[in-house]
Each structure stands twice: as C-alpha cells, then as structure tokens.
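Student: Have a peek at my_file.cif (mmCIF, C-alpha atoms and all ligand atoms).
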data_data
loop_
_atom_site.label_atom_id
_atom_site.label_comp_id
_atom_site.auth_asym_id
_atom_site.auth_seq_id
_atom_site.Cartn_x
_atom_site.Cartn_y
_atom_site.Cartn_z
CA MET A 1 29.30 -42.68 -27.75
CA ASN A 2 29.85 -42.79 -23.99
CA ASP A 3 27.84 -45.10 -21.73
CA GLN A 4 25.75 -42.18 -20.40
CA ASP A 5 24.35 -41.33 -23.84
CA PHE A 6 24.20 -44.97 -24.92
CA ILE A 7 21.96 -45.77 -21.94
CA ALA A 8 19.67 -42.74 -22.36
CA GLY A 9 19.13 -43.55 -26.06
CA LEU A 10 18.53 -47.26 -25.55
CA PRO A 11 14.81 -48.06 -25.93
CA LYS A 12 13.52 -49.54 -22.70
CA ALA A 13 10.43 -50.23 -20.60
CA GLU A 14 10.02 -49.23 -16.98
CA LEU A 15 8.14 -51.87 -14.99
CA HIS A 16 8.52 -50.71 -11.38
CA LEU A 17 7.56 -47.12 -10.76
CA HIS A 18 5.30 -45.78 -8.03
CA ILE A 19 3.72 -42.67 -9.49
CA GLU A 20 3.47 -41.12 -6.01
CA GLY A 21 7.23 -41.70 -5.75
CA SER A 22 7.84 -39.44 -8.74
CA LEU A 23 6.59 -36.38 -6.82
CA GLU A 24 9.56 -34.00 -7.01
CA PRO A 25 9.94 -31.46 -4.19
CA GLU A 26 9.32 -28.59 -6.63
CA LEU A 27 5.93 -30.02 -7.61
CA MET A 28 5.20 -30.84 -3.95
CA PHE A 29 5.66 -27.15 -3.11
CA ALA A 30 3.63 -25.96 -6.10
CA LEU A 31 0.73 -28.29 -5.23
CA ALA A 32 0.89 -27.35 -1.55
CA GLN A 33 0.45 -23.74 -2.58
CA ARG A 34 -2.24 -24.46 -5.17
CA ASN A 35 -4.27 -26.52 -2.69
CA ARG A 36 -3.40 -24.49 0.42
CA VAL A 37 -1.93 -27.52 2.17
CA CYS A 38 0.67 -27.05 4.92
CA ILE A 39 3.84 -29.10 4.54
CA PRO A 40 6.47 -29.36 7.26
CA PHE A 41 9.31 -27.92 5.13
CA ASP A 42 10.50 -24.36 4.41
CA SER A 43 12.16 -25.02 1.09
CA VAL A 44 12.78 -27.51 -1.69
CA GLU A 45 16.30 -27.95 -0.28
CA ALA A 46 14.89 -28.82 3.14
CA VAL A 47 12.69 -31.48 1.55
CA ARG A 48 15.65 -33.03 -0.27
CA ALA A 49 17.75 -32.89 2.91
CA ALA A 50 15.08 -34.97 4.68
CA TYR A 51 15.49 -37.79 2.15
CA SER A 52 17.93 -39.87 4.12
CA PHE A 53 16.58 -43.29 5.03
CA SER A 54 17.87 -46.23 6.98
CA ASN A 55 15.15 -48.67 5.91
CA LEU A 56 11.90 -49.02 3.98
CA GLN A 57 9.65 -47.76 6.81
CA ASP A 58 11.71 -44.56 7.21
CA PHE A 59 11.06 -43.83 3.58
CA LEU A 60 7.38 -44.80 3.59
CA ASP A 61 6.62 -42.40 6.46
CA ILE A 62 7.85 -39.43 4.42
CA TYR A 63 6.43 -40.75 1.14
CA TYR A 64 2.88 -41.02 2.51
CA ALA A 65 3.19 -37.55 4.10
CA GLY A 66 4.32 -36.06 0.77
CA ALA A 67 1.31 -37.52 -1.04
CA ASP A 68 -0.98 -35.31 1.05
CA VAL A 69 -0.54 -32.42 -1.41
CA LEU A 70 -2.25 -34.47 -4.15
CA ARG A 71 -5.91 -33.46 -4.05
CA THR A 72 -7.46 -32.94 -7.49
CA GLU A 73 -7.67 -34.77 -10.80
CA GLN A 74 -5.39 -32.06 -12.24
CA ASP A 75 -2.79 -32.80 -9.53
CA PHE A 76 -2.68 -36.48 -10.45
CA HIS A 77 -2.52 -35.56 -14.12
CA ASP A 78 0.38 -33.14 -13.52
CA LEU A 79 2.23 -35.67 -11.40
CA ALA A 80 2.05 -38.35 -14.08
CA ALA A 81 2.71 -35.93 -16.94
CA ALA A 82 5.96 -34.85 -15.25
CA TYR A 83 7.01 -38.49 -14.84
CA PHE A 84 6.27 -39.36 -18.47
CA ALA A 85 8.26 -36.36 -19.78
CA ARG A 86 11.23 -37.39 -17.63
CA ALA A 87 10.93 -41.06 -18.58
CA ALA A 88 10.71 -40.28 -22.30
CA ALA A 89 14.00 -38.36 -22.01
CA ASP A 90 15.51 -41.56 -20.59
CA GLY A 91 14.52 -43.70 -23.57
CA VAL A 92 11.41 -45.18 -21.93
CA VAL A 93 8.92 -46.15 -24.63
CA HIS A 94 6.63 -48.22 -22.40
CA ALA A 95 5.88 -47.81 -18.68
CA GLU A 96 3.78 -49.89 -16.30
CA ILE A 97 3.09 -47.60 -13.38
CA PHE A 98 1.91 -48.42 -9.87
CA PHE A 99 -0.55 -46.30 -7.96
CA ASP A 100 -1.65 -46.62 -4.33
CA PRO A 101 -5.37 -45.73 -4.25
CA GLN A 102 -5.69 -46.33 -0.50
CA THR A 103 -3.15 -43.57 0.22
CA HIS A 104 -5.69 -41.21 -1.30
CA THR A 105 -9.12 -42.71 -0.60
CA ASP A 106 -8.21 -42.91 3.11
CA ARG A 107 -7.75 -39.09 2.98
CA GLY A 108 -11.16 -38.63 1.38
CA ILE A 109 -9.94 -38.32 -2.22
CA PRO A 110 -12.31 -40.34 -4.43
CA PHE A 111 -10.88 -43.21 -6.50
CA GLN A 112 -12.23 -41.48 -9.60
CA VAL A 113 -10.09 -38.36 -9.01
CA VAL A 114 -6.93 -40.45 -8.83
CA ALA A 115 -7.67 -42.83 -11.69
CA ASP A 116 -9.00 -40.26 -14.17
CA GLY A 117 -6.11 -37.87 -13.53
CA LEU A 118 -3.56 -40.60 -14.18
CA LEU A 119 -5.40 -41.99 -17.21
CA SER A 120 -5.60 -38.60 -18.94
CA ALA A 121 -1.83 -38.14 -18.49
CA MET A 122 -1.30 -41.63 -19.92
CA ARG A 123 -3.27 -40.69 -23.05
CA ASP A 124 -1.20 -37.49 -23.40
CA ALA A 125 2.06 -39.43 -22.99
CA GLN A 126 1.13 -41.61 -25.96
CA GLU A 127 0.25 -38.56 -28.02
CA HIS A 128 3.17 -36.27 -27.06
CA HIS A 129 6.01 -38.73 -26.42
CA GLY A 130 4.92 -41.93 -28.19
CA LEU A 131 5.17 -43.52 -24.74
CA GLY A 132 2.68 -46.32 -24.08
CA SER A 133 1.70 -47.16 -20.53
CA LYS A 134 -0.35 -49.39 -18.29
CA LEU A 135 -1.70 -48.93 -14.78
CA ILE A 136 -1.18 -51.33 -11.86
CA LEU A 137 -3.30 -50.86 -8.72
CA CYS A 138 -1.31 -51.67 -5.57
CA PHE A 139 -2.83 -52.78 -2.30
CA LEU A 140 -1.11 -51.41 0.81
CA ARG A 141 0.01 -54.49 2.71
CA HIS A 142 0.08 -52.76 6.13
CA LEU A 143 -3.72 -52.46 5.80
CA ASP A 144 -6.05 -55.43 6.07
CA GLU A 145 -7.63 -57.80 3.58
CA ASP A 146 -11.07 -56.15 3.86
CA ALA A 147 -9.57 -52.81 2.86
CA ALA A 148 -7.93 -54.44 -0.17
CA PHE A 149 -11.27 -56.00 -1.20
CA ALA A 150 -12.98 -52.60 -0.80
CA THR A 151 -10.33 -51.05 -3.06
CA LEU A 152 -10.82 -53.73 -5.70
CA LYS A 153 -14.55 -53.03 -5.55
CA ALA A 154 -14.00 -49.26 -5.89
CA ALA A 155 -11.85 -49.94 -8.97
CA GLU A 156 -14.58 -51.92 -10.77
CA PRO A 157 -15.69 -49.12 -13.16
CA TRP A 158 -12.04 -48.70 -14.28
CA LEU A 159 -11.04 -52.34 -14.61
CA ASP A 160 -10.94 -52.16 -18.41
CA ARG A 161 -8.15 -49.57 -18.00
CA ILE A 162 -6.22 -51.27 -15.20
CA GLU A 163 -3.79 -53.99 -16.21
CA GLY A 164 -3.15 -55.61 -12.89
CA VAL A 165 -2.84 -55.52 -9.14
CA GLY A 166 0.28 -55.26 -6.99
CA LEU A 167 1.27 -55.35 -3.34
CA ASP A 168 3.48 -52.73 -1.72
CA SER A 169 4.25 -50.82 1.52
CA SER A 170 5.78 -52.25 4.71
CA GLU A 171 6.89 -55.78 3.87
CA VAL A 172 8.16 -57.42 7.05
CA GLY A 173 5.23 -58.61 9.19
CA HIS A 174 2.81 -58.43 6.26
CA PRO A 175 3.40 -61.65 4.32
CA PRO A 176 1.80 -62.27 0.93
CA GLU A 177 -0.50 -64.95 2.40
CA LYS A 178 -2.51 -62.13 4.00
CA PHE A 179 -3.71 -61.19 0.49
CA ALA A 180 -4.15 -64.61 -1.12
CA ARG A 181 -7.94 -64.29 -1.43
CA VAL A 182 -7.99 -60.78 -2.88
CA PHE A 183 -5.29 -61.75 -5.39
CA ALA A 184 -7.36 -64.79 -6.37
CA ALA A 185 -10.38 -62.52 -6.90
CA ALA A 186 -8.26 -60.15 -9.01
CA GLY A 187 -7.00 -63.09 -11.08
CA ASP A 188 -10.59 -64.23 -11.65
CA MET A 189 -11.33 -60.73 -12.99
CA GLY A 190 -8.58 -61.19 -15.58
CA LEU A 191 -6.06 -58.89 -13.89
CA LYS A 192 -2.32 -59.54 -13.89
CA ARG A 193 -0.69 -59.99 -10.49
CA VAL A 194 2.61 -58.64 -9.20
CA ALA A 195 3.96 -58.21 -5.68
CA HIS A 196 6.86 -56.63 -3.86
CA ALA A 197 8.66 -59.52 -2.16
CA GLY A 198 12.17 -60.18 -0.97
CA GLU A 199 13.02 -56.47 -0.73
CA GLU A 200 13.39 -56.61 3.07
CA GLY A 201 11.32 -59.75 3.63
CA PRO A 202 12.75 -63.29 3.61
CA PRO A 203 12.83 -65.76 0.69
CA ASP A 204 9.72 -67.40 2.17
CA TYR A 205 7.72 -64.30 1.18
CA VAL A 206 8.84 -64.82 -2.42
CA TRP A 207 7.70 -68.46 -2.29
CA GLN A 208 4.34 -67.24 -0.95
CA ALA A 209 4.06 -64.64 -3.70
CA LEU A 210 4.60 -67.40 -6.28
CA ASP A 211 2.47 -70.12 -4.71
CA LEU A 212 -0.30 -68.16 -2.98
CA LEU A 213 -0.57 -64.92 -4.98
CA LYS A 214 0.31 -66.60 -8.31
CA ILE A 215 2.30 -63.58 -9.42
CA ASP A 216 3.13 -62.89 -13.06
CA ARG A 217 6.12 -60.72 -12.10
CA LEU A 218 8.23 -60.22 -8.98
CA ASP A 219 9.01 -56.72 -7.68
CA HIS A 220 12.52 -56.50 -6.20
CA GLY A 221 13.16 -60.14 -5.23
CA ASN A 222 16.71 -59.41 -4.01
CA ARG A 223 16.58 -61.81 -1.08
CA SER A 224 15.66 -64.71 -3.39
CA LEU A 225 19.39 -65.09 -3.89
CA GLU A 226 19.66 -66.49 -0.36
CA ASP A 227 17.75 -69.62 -1.47
CA PRO A 228 19.24 -71.64 -4.38
CA ALA A 229 16.04 -73.68 -4.88
CA LEU A 230 14.06 -70.44 -5.19
CA VAL A 231 16.53 -69.04 -7.72
CA ARG A 232 16.12 -72.24 -9.77
CA ARG A 233 12.34 -71.94 -9.64
CA LEU A 234 12.40 -68.28 -10.74
CA ALA A 235 14.84 -69.03 -13.54
CA ASP A 236 12.90 -72.11 -14.72
CA GLU A 237 9.64 -70.15 -14.81
CA GLY A 238 11.26 -67.24 -16.65
CA MET A 239 9.97 -64.92 -13.93
CA THR A 240 10.84 -61.27 -14.48
CA LEU A 241 12.32 -59.42 -11.49
CA THR A 242 11.90 -55.65 -11.38
CA VAL A 243 15.10 -54.60 -9.65
CA CYS A 244 15.65 -51.02 -8.43
CA PRO A 245 19.35 -50.31 -7.78
CA LEU A 246 19.21 -46.73 -6.42
CA SER A 247 16.24 -47.65 -4.24
CA ASN A 248 18.19 -50.63 -2.89
CA LEU A 249 21.06 -48.32 -1.99
CA LYS A 250 18.92 -45.59 -0.40
CA LEU A 251 16.86 -48.07 1.63
CA CYS A 252 19.97 -49.98 2.72
CA VAL A 253 18.92 -53.20 0.97
CA VAL A 254 22.51 -53.12 -0.32
CA ASP A 255 25.32 -51.45 1.64
CA ASP A 256 27.20 -50.25 -1.43
CA MET A 257 26.36 -50.14 -5.15
CA ALA A 258 29.63 -52.01 -5.69
CA ASN A 259 27.91 -54.98 -3.98
CA HIS A 260 24.66 -54.81 -5.91
CA PRO A 261 23.56 -58.32 -7.00
CA LEU A 262 22.14 -57.37 -10.42
CA ASP A 263 24.81 -59.12 -12.52
CA ARG A 264 24.74 -62.14 -10.18
CA MET A 265 21.02 -62.37 -10.92
CA LEU A 266 21.68 -62.32 -14.67
CA ALA A 267 24.49 -64.87 -14.31
CA GLN A 268 22.10 -67.19 -12.45
CA GLY A 269 19.62 -67.08 -15.33
CA LEU A 270 17.17 -64.62 -13.77
CA CYS A 271 15.27 -62.24 -16.02
CA ALA A 272 16.27 -59.09 -14.15
CA THR A 273 15.28 -55.59 -15.22
CA VAL A 274 16.32 -52.10 -14.04
CA ASN A 275 13.78 -49.61 -12.70
CA SER A 276 13.58 -46.46 -10.60
CA ASP A 277 10.91 -47.33 -7.95
CA ASP A 278 10.48 -43.84 -6.42
CA PRO A 279 12.80 -41.62 -8.46
CA ALA A 280 12.03 -38.32 -6.70
CA TYR A 281 13.09 -39.85 -3.38
CA PHE A 282 16.02 -42.03 -4.42
CA GLY A 283 18.03 -39.63 -6.55
CA GLY A 284 17.44 -40.78 -10.08
CA TYR A 285 15.18 -41.91 -12.91
CA VAL A 286 15.60 -45.12 -14.84
CA ALA A 287 18.66 -44.15 -16.89
CA ASP A 288 20.39 -43.02 -13.67
CA ASN A 289 19.71 -46.47 -12.28
CA TYR A 290 21.27 -48.17 -15.32
CA ARG A 291 24.28 -45.82 -15.12
CA ALA A 292 24.84 -46.23 -11.39
CA VAL A 293 24.76 -50.01 -11.41
CA ALA A 294 26.66 -50.30 -14.71
CA ALA A 295 29.48 -48.10 -13.37
CA ALA A 296 29.65 -49.73 -9.94
CA ARG A 297 29.49 -53.30 -11.25
CA GLY A 298 31.42 -52.77 -14.48
CA LEU A 299 28.57 -53.98 -16.70
CA ASP A 300 29.44 -54.25 -20.37
CA ARG A 301 27.21 -53.15 -23.24
CA ASP A 302 25.88 -56.68 -23.79
CA GLN A 303 24.67 -56.81 -20.20
CA ILE A 304 23.13 -53.35 -20.44
CA VAL A 305 21.32 -54.33 -23.63
CA GLN A 306 20.17 -57.60 -22.03
CA LEU A 307 18.56 -55.60 -19.23
CA ALA A 308 16.68 -53.45 -21.74
CA ARG A 309 15.56 -56.55 -23.68
CA ASN A 310 14.34 -58.11 -20.43
CA SER A 311 12.24 -55.01 -19.76
CA PHE A 312 10.23 -55.70 -22.91
CA THR A 313 10.00 -59.47 -22.54
CA GLY A 314 8.77 -58.93 -18.96
CA ALA A 315 6.19 -56.29 -19.91
CA PHE A 316 2.46 -57.00 -20.01
CA LEU A 317 2.38 -56.57 -23.78
CA ASP A 318 1.31 -59.02 -26.47
CA ASP A 319 3.96 -60.85 -28.48
CA ALA A 320 3.65 -58.55 -31.51
CA ALA A 321 4.19 -55.42 -29.40
CA LYS A 322 7.16 -57.04 -27.64
CA ALA A 323 8.68 -57.94 -31.00
CA THR A 324 8.23 -54.35 -32.22
CA HIS A 325 10.01 -52.97 -29.16
CA LEU A 326 12.83 -55.55 -29.35
CA ALA A 327 13.32 -54.60 -33.00
CA ARG A 328 13.74 -50.98 -31.87
CA ILE A 329 16.67 -52.08 -29.73
CA ASP A 330 18.20 -53.91 -32.72
CA ALA A 331 17.76 -50.81 -34.90
CA TYR A 332 19.38 -48.66 -32.21
CA LEU A 333 22.38 -50.98 -31.97
CA ALA A 334 22.73 -51.17 -35.75
CA ALA A 335 22.84 -47.36 -35.91
CA GLN A 336 25.71 -47.09 -33.39
N1 LIG A 401 10.25 -49.74 -2.53
C1 LIG A 401 9.03 -49.87 -2.03
N2 LIG A 401 8.72 -50.96 -1.32
C2 LIG A 401 7.50 -51.12 -0.81
N3 LIG A 401 6.52 -50.23 -0.95
C3 LIG A 401 6.77 -49.12 -1.66
N4 LIG A 401 5.99 -48.08 -1.96
C4 LIG A 401 6.72 -47.22 -2.69
N5 LIG A 401 7.96 -47.69 -2.85
C5 LIG A 401 8.02 -48.89 -2.22
ZN ZN A 402 8.45 -50.42 -5.27
#
Can the structure in the file be given as structure tokens, please?
Ligand SMILES: Nc1ncnc2[nH]cnc12
Ligand SMILES: [Zn+2]

Tutor:
Amino acid sequence: MNDQDFIAGLPKAELHLHIEGSLEPELMFALAQRNRVCIPFDSVEAVRAAYSFSNLQDFLDIYYAGADVLRTEQDFHDLAAAYFARAAADGVVHAEIFFDPQTHTDRGIPFQVVADGLLSAMRDAQEHHGLGSKLILCFLRHLDEDAAFATLKAAEPWLDRIEGVGLDSSEVGHPPEKFARVFAAAGDMGLKRVAHAGEEGPPDYVWQALDLLKIDRLDHGNRSLEDPALVRRLADEGMTLTVCPLSNLKLCVVDDMANHPLDRMLAQGLCATVNSDDPAYFGGYVADNYRAVAAARGLDRDQIVQLARNSFTGAFLDDAAKATHLARIDAYLAAQ
C-alpha cells in the first residue's frame, strides 16, 4: 500500500479544526444564493484565487468575510455535515471542533442558531459515519475580556454539550494574559482549556498560556522551539501540541514544508499531532496535511503512526475510549 492510502486509512483524531474554516467556496456560493447575501466574488475560482496570504491577519480578514453567508441553523448544520463527511473519508473517527460564536453573534446571529446547527450535524456524524465529536468554543482574542465573558454567559444553556474553551484570532498584541480571568471562570465551570499560542506570537505567550490560562492542550506552539526550557516543560507535562502543517505554510509560519519542525518536535519528546486548521482555505484536509509533511520531511511509517496515536492520547476522551481508538490503530497495522 502506498503512503497516500496508508494515511487515509489510518484511524486518527482531528484536534484543531475551525468549523468556519471548512467553508468551501462552493458552499459559500450556495449559501450566498440561498440567503441572498452579496459576496465580493464572481466565481468559485475567483474565491480560490483570493486565498493567498502573507500572514495570519491577511487570512483572518477573508475568513471573517466568508463567514457572513452563514445565517441559519441549517447553514451551520450543512457546514459541519460537509466537514464530517470529508473528515470521515480521511480516517477521522473523532474530531474536536472549534467554533467562533462572536463572529456570528456580532452579526446578529443568535448563539442558539450556531450551536444547535453544529450539534445536530455532530449527532448525524455519529450516526452516519461512526465519527464522534466534541465542541470547543473559542474566544476571539482581538476582542476584549468583557466580550469573552458575555460569550461564556450566552453559552450557559449549552455547557453540557461544550467540552471546552479556546482562544484564537490575531495573536500578536493580544497575549493570553488578557483572558486569564475568563479562562479561570471557564475552568471553574468544568470546561477544558486550550489556546492558540506560539503560531506567530513569541514563546512568552506559550508560557502565559500554560501559567495563566492553565491550558490542557496547546494549539500550534511552533515558536516554543525557540526556548529550550519551554520545550522541556511541554515535554515533561506531556502537553499535546495541535500542529497544522499546511496552515503553517500558507500563513508563512514556515517558509517551506521542507523546513517544517514537526519531526524536530517529536524528536524533542513533544506530543505533536497533525491537523488541518482551516482546510477550505489552506488547500487540504487532515490526510493532506499528513501527506504533505510526511513527503517533505521524509517521515517513516513509525513516525506517521506515532502522530495518529498522539491524536488519541491528546483527545478529551476518557481512558477507555482512548484505549479503544488506539486498539483500532493496532488492528489496522496488523491487517497491513
Ligand atoms: N490559524 C489560526 N490562528 C488563529 N486564529 C484562527 N482562526 C482560524 N484559524 C486560525
Ligand atoms: Zn487554528
């Protein structure tokens, strides 16, 4: 079996996926028509041609504009259903998906519309694809602490169906410390905590995410490698890093996939995983990410399998569920 097929068949979890970032141009056009929303593009090709970014902010500007076509519960359902179908084809059996409620509530879309649309697609994914999933509510870090608290309050009726909180959007200039109190409140409510840190921001932001936000998982974390003491801390704590190779390339976090640090992370004892971040914008879903980095860095099968194992050990699942998923990997390997 070639590496392409081996990767697609390998059972895996996806732990870093923004559901709004899975909005393919075709669906963007269909929803624009359905909801009579104007979008500044003539064709699907023109949308794809606009997806050339020189940094995170470049991307975020177009990503938030694209989300404007999402208006109804059915839209959020269709968005997530399309992602789950695509993920299942890539061997994803468990997904922990981010959503950005403020991107929608600030446009007048009620929290309920967003959450219920996503949750119904999650139930269908279990039924139709055997794909389990969890929801992580992200605070937009370019907005203020009060807005994050208001979002946490709006989420209260859904907290039994939300696994955790995260922190995303423009990193530099918006350090984790800005959200220490709202993360503490979320922790008191029993929610898991994750944060984007060290994507463009310095290693100090990763230290803050650990010490002030008390994160259970680190999203990206690339720039941690600049600080040996930080790498030791992450390795000693067994912290999972949700790394996104194609995103890193498209947002110029790495200059070339041949220089991607994924295998250096593994070699330094970090529990790195592979994820797609915003697959509709970065040119590939999770298996494409495995393939791109495996080809460019010459990863062997043991390393590829290690990455898939890490995706389950780093998931917010209980030990029995993790063991079941890890056994699926063993069964897959035994059948090769
Ligand atoms: N890669 C990324 N970094 C920060 N915020 C995001 N929102 C969606 N994708 C993101
Ligand atoms: Zn992300």

Student: Quick one: pull the distance between CA of Tyr332 (chain A) and CA of Leu10 (chain A), Å, one decimal.

Tutor: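 Straight-line distance from CA of Tyr332 (chain A) to CA of Leu10 (chain A) works out to 6.9 Å.
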
Student: If I put a ball of radius 10 Å at (2.5, -65.2, 3.1) in the file's coordinates, which residues poke into it when counting only C-alpha atoms, written as number ranges by chain?

Tutor: A: 173-180, 197, 204-213

Student: If you count all atoms listed in the file, which residues end up within 6 Å of ligand LIG 401 (chain A), as a VMD selection string?

Tutor: chain A and resid 18 168 to 170 277 to 278

Student: Which residues come within 9 Å of Val92 (chain A), counting only C-alpha atoms, excluding same-chain residues fewer than 4 positions away, as a PDB file with C-alpha atoms, in the coordinates of the input?

Tutor:
ATOM      1  CA  ALA A   8      19.670 -42.740 -22.360  1.00  0.00           C
ATOM      2  CA  GLY A   9      19.130 -43.550 -26.060  1.00  0.00           C
ATOM      3  CA  LEU A  10      18.530 -47.260 -25.550  1.00  0.00           C
ATOM      4  CA  PRO A  11      14.810 -48.060 -25.930  1.00  0.00           C
ATOM      5  CA  LYS A  12      13.520 -49.540 -22.700  1.00  0.00           C
ATOM      6  CA  ALA A  13      10.430 -50.230 -20.600  1.00  0.00           C
ATOM      7  CA  GLU A  14      10.020 -49.230 -16.980  1.00  0.00           C
ATOM      8  CA  PHE A  84       6.270 -39.360 -18.470  1.00  0.00           C
ATOM      9  CA  ARG A  86      11.230 -37.390 -17.630  1.00  0.00           C
ATOM     10  CA  ALA A  87      10.930 -41.060 -18.580  1.00  0.00           C
ATOM     11  CA  ALA A  88      10.710 -40.280 -22.300  1.00  0.00           C
ATOM     12  CA  LEU A 131       5.170 -43.520 -24.740  1.00  0.00           C
ATOM     13  CA  VAL A 286      15.600 -45.120 -14.840  1.00  0.00           C
ATOM     14  CA  ALA A 287      18.660 -44.150 -16.890  1.00  0.00           C
TER      15      ALA A 287
END

Student: I'd like to know which of A:Ile136, A:Leu27, A:Val37, A:Ala327 is closest to ligand ZN 402 (chain A), using all atoms listed in the file.

Tutor: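 Using all atoms listed in the file, ligand ZN 402 (chain A) sits closest to A:Ile136.
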
Student: What does the structure give for the distance between CA of Cys138 (chain A) and CA of Phe98 (chain A), in Å to one decimal?

Tutor: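 One can read the CA of Cys138 (chain A) to CA of Phe98 (chain A) distance as 6.3 Å.
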